[in-house]
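One file, target_7.txt, carrying compact mmCIF, C-alpha atoms:
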```txt
# COMPACT_ATOMS: atom_id res chain seq x y z
CA MET U 1 0.00 0.00 0.00
CA GLN U 2 1.30 3.44 -0.89
CA LYS U 3 2.14 5.86 1.90
CA GLY U 4 -0.29 8.49 0.57
CA LYS U 5 -3.15 6.00 0.50
CA LEU U 6 -2.64 5.37 4.22
CA PHE U 7 -1.73 8.92 5.25
CA TYR U 8 -4.75 10.75 3.85
CA PRO U 9 -7.46 8.70 5.61
CA ILE U 10 -5.57 9.13 8.89
CA LEU U 11 -5.28 12.86 8.21
CA LEU U 12 -9.01 13.05 7.43
CA LEU U 13 -9.82 11.29 10.70
CA TYR U 14 -7.50 13.64 12.59
CA GLU U 15 -9.07 16.73 11.01
CA LEU U 16 -12.59 15.57 11.83
CA LEU U 17 -11.59 14.75 15.42
CA ARG U 18 -9.88 18.12 15.79
CA LEU U 19 -12.91 19.93 14.42
CA GLY U 20 -15.17 17.96 16.76
CA LEU U 21 -12.97 18.78 19.75
CA LEU U 22 -12.93 22.46 18.92
CA LEU U 23 -16.66 22.65 18.29
CA ALA U 24 -17.60 20.61 21.34
CA ASP U 25 -18.46 22.48 24.46
CA SER U 26 -16.12 20.18 26.36
CA ILE U 27 -13.46 22.88 26.65
CA PRO U 28 -14.77 24.88 29.62
CA ALA U 29 -11.42 26.44 30.48
CA VAL U 30 -11.30 28.54 27.31
CA PRO U 31 -12.32 32.13 28.09
CA SER U 32 -15.23 33.58 26.14
CA SER U 33 -12.99 35.99 24.19
CA ASN U 34 -10.94 33.04 22.94
CA ARG U 35 -14.15 31.17 22.09
CA LEU U 36 -15.17 34.02 19.79
CA ALA U 37 -11.84 33.80 17.96
CA LEU U 38 -12.20 30.03 17.81
CA PHE U 39 -15.63 30.23 16.20
CA ALA U 40 -14.35 32.85 13.78
CA ALA U 41 -11.68 30.35 12.67
CA ILE U 42 -14.08 27.41 12.27
CA PRO U 43 -14.91 28.15 8.59
CA LEU U 44 -11.21 27.93 7.75
CA LEU U 45 -10.91 24.65 9.66
CA CYS U 46 -13.94 23.26 7.80
CA ILE U 47 -12.02 23.58 4.52
CA LEU U 48 -9.50 20.91 5.48
CA PRO U 49 -11.65 17.74 5.54
CA PRO U 50 -12.98 18.25 1.96
CA LEU U 51 -9.46 19.00 0.73
CA VAL U 52 -8.13 15.82 2.31
CA TYR U 53 -11.05 13.86 0.88
CA MET U 54 -10.20 15.18 -2.60
CA LEU U 55 -6.61 14.02 -2.06
CA ILE U 56 -7.90 10.57 -1.10
CA LEU U 57 -9.84 10.41 -4.37
CA ASP U 58 -7.01 11.54 -6.66
CA GLU U 59 -3.73 12.68 -5.13
CA ARG U 60 -2.02 13.66 -8.39
CA ARG U 61 -4.94 15.73 -9.64
CA PHE U 62 -5.43 17.68 -6.40
CA ALA U 63 -1.77 17.91 -5.31
CA ALA U 64 -1.85 21.71 -5.67
CA TRP U 65 -4.23 21.86 -2.68
CA LEU U 66 -1.47 20.52 -0.44
CA ILE U 67 -0.02 24.06 -0.38
CA LEU U 68 -3.20 25.40 1.22
CA ILE U 69 -3.14 22.61 3.81
CA ILE U 70 0.53 23.36 4.56
CA TRP U 71 -0.24 27.08 5.02
CA ILE U 72 -3.17 26.38 7.32
CA LYS U 73 -1.02 24.04 9.41
CA ALA U 74 1.86 26.53 9.49
CA LEU U 75 -0.45 29.32 10.64
CA SER U 76 -2.04 27.15 13.31
CA LEU U 77 1.25 26.36 15.06
CA PRO U 78 1.91 29.87 16.46
CA VAL U 79 -1.74 30.15 17.50
CA TRP U 80 -1.54 26.89 19.45
CA LEU U 81 1.72 28.01 21.07
CA TRP U 82 0.18 31.36 22.02
CA PHE U 83 -2.86 29.62 23.50
CA ILE U 84 -0.70 27.22 25.51
CA LEU U 85 1.61 29.96 26.80
CA SER U 86 -1.24 32.32 27.69
CA SER U 87 -3.17 29.56 29.46
CA THR U 88 -0.33 28.22 31.58
CA GLY U 89 -0.57 31.22 33.93
CA GLY U 90 -3.86 29.89 35.29
CA VAL U 91 -2.64 26.36 36.02
CA LEU U 92 -2.08 27.15 39.68
CA ALA U 93 -5.66 28.21 40.25
CA PRO U 94 -7.04 28.13 43.79
CA ASN U 95 -9.98 25.97 42.68
CA PRO U 96 -8.76 22.38 42.10
CA LEU U 97 -11.64 21.54 39.72
CA GLN U 98 -10.78 24.49 37.53
CA ASP U 99 -7.14 23.41 37.66
CA VAL U 100 -8.00 19.92 36.36
CA SER U 101 -10.17 21.39 33.62
CA LEU U 102 -7.39 23.73 32.53
CA LEU U 103 -4.85 20.91 32.55
CA ALA U 104 -7.14 18.82 30.35
CA THR U 105 -7.53 21.76 27.96
CA LEU U 106 -3.77 22.30 27.86
CA ALA U 107 -3.16 18.59 27.24
CA THR U 108 -5.63 18.70 24.34
CA ALA U 109 -3.91 21.81 22.95
CA VAL U 110 -0.49 20.17 23.16
CA LEU U 111 -1.77 17.06 21.37
CA LEU U 112 -3.37 19.17 18.64
CA LEU U 113 -0.17 21.22 18.30
CA ALA U 114 1.82 18.01 17.81
CA GLY U 115 -0.77 16.65 15.36
CA ASP U 116 -0.73 19.84 13.30
CA PHE U 117 3.07 19.86 13.24
CA ILE U 118 3.33 16.23 12.13
CA SER U 119 0.57 16.51 9.53
CA GLY U 120 2.01 19.78 8.17
CA ILE U 121 5.49 18.29 7.76
CA THR U 122 4.05 15.17 6.14
CA CYS U 123 1.94 17.24 3.72
CA TYR U 124 5.03 19.27 2.84
CA ARG U 125 6.98 16.09 2.11
CA ARG U 126 4.13 14.68 0.00
CA HIS U 127 3.89 17.95 -1.94
CA SER U 128 7.62 18.06 -2.62
CA ARG U 129 7.52 14.47 -3.93
CA LEU U 130 4.45 15.01 -6.11
CA CYS U 131 5.30 18.39 -7.60
CA MET U 132 8.91 17.82 -8.61
```

Would you kindly transcribe this structure into structure tokens?
Amino acid sequence: MQKGKLFYPILLLYELLRLGLLLADSIPAVPSSNRLALFAAIPLLCILPPLVYMLILDERRFAAWLILIIWIKALSLPVWLWFILSSTGGVLAPNPLQDVSLLATLATAVLLLAGDFISGITCYRRHSRLCM
């Protein structure tokens, strides 16, 4: 089995899980001002699953869309880092329940940061192989 044939379904699953996590109301530690920015970014995040699905159907034909995926991933990395760094100040909250909630949110953010980094690098490598 080709690497692209295995990578794109995994990437599609990751994108759908990430979108579900971000849309779910299971992130109570995110302040309301950050929620507004998050919901403003949702339309951009909804572009990724159809792009990945098109790559699953015909990678050679839609290889040019890998650039857009790479840009979206590259732009998401500083945002995730900013969110993690700005949220770590509240880890030592006096309320232990809020502390656990914030730690769960930070753990989710770190996992999504790693997932975006890995998928962005892999998309870059696929693009460089296909478009040379």

*Which residue out of U:Leu44, U:Val52, U:Leu85, U:Ile121 has the minimum interatomic distance to Ala109 in chain U when all atoms listed in the file are used?*
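Among U:Leu44, U:Val52, U:Leu85, U:Ile121, it is U:Leu85 that comes nearest to Ala109 in chain U.
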
*If we count all atoms listed in the file, what is near Ala63 in chain U at a cut-off of 8 Å, once residues fewer than 5 positions away on the same chain are taken out, given as a list in words?*
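After dropping sequence-adjacent residues, the list is Leu55, His127, Leu130 and Cys131 of chain U.
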
*Go through U:Ile70, U:Ile84, U:Leu12, U:Ala114 and flag the residue nearest Met54 in chain U, using all atoms listed in the file for the distances.*
U:Leu12

*Which residue, U:Ile118, U:Leu11, U:Ala104, U:Leu111, has the smallest gap to Leu48 in chain U when you use all atoms listed in the file?*
U:Leu11

*asked:* Which residues are near Leu81 in chain U? Cut-off 12 Å, all atoms listed in the file, ignore same chain within fewer than 3 positions. Put them as number ranges by chain.
replied: U: 74-78, 84-88, 106, 109-114, 116-117

*With distances taken over all atoms listed in the file, which of U:Ile69, U:Cys46, U:Leu22, U:Ala40 is nearest to Cys123 in chain U?*
U:Ile69

_Counting all atoms listed in the file, the residue of U:Leu6, U:Ala41, U:Leu21, U:Leu16 that sits nearest Thr105 in chain U_ =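 Of all the options, U:Leu21 lies closest to Thr105 in chain U.
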
_Nearest-residue call for Arg60 in chain U, choices U:Arg129, U:Thr108, U:Trp80, U:Leu17, using all atoms listed in the file_ =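 That would be U:Arg129, the residue with the smallest distance to Arg60 in chain U.
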
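Of note, CA of Phe83 in chain U and CA of Ala24 in chain U are spaced 17.4 Å apart.
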
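As for CA of Arg18 in chain U and CA of Val79 in chain U, they are spaced 14.6 Å apart.
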
*Please measure the separation of CA of Leu23 in chain U and CA of Tyr124 in chain U, giving the value in Å to one decimal.*
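Answer for the CA of Leu23 in chain U to CA of Tyr124 in chain U separation: 26.8 Å.
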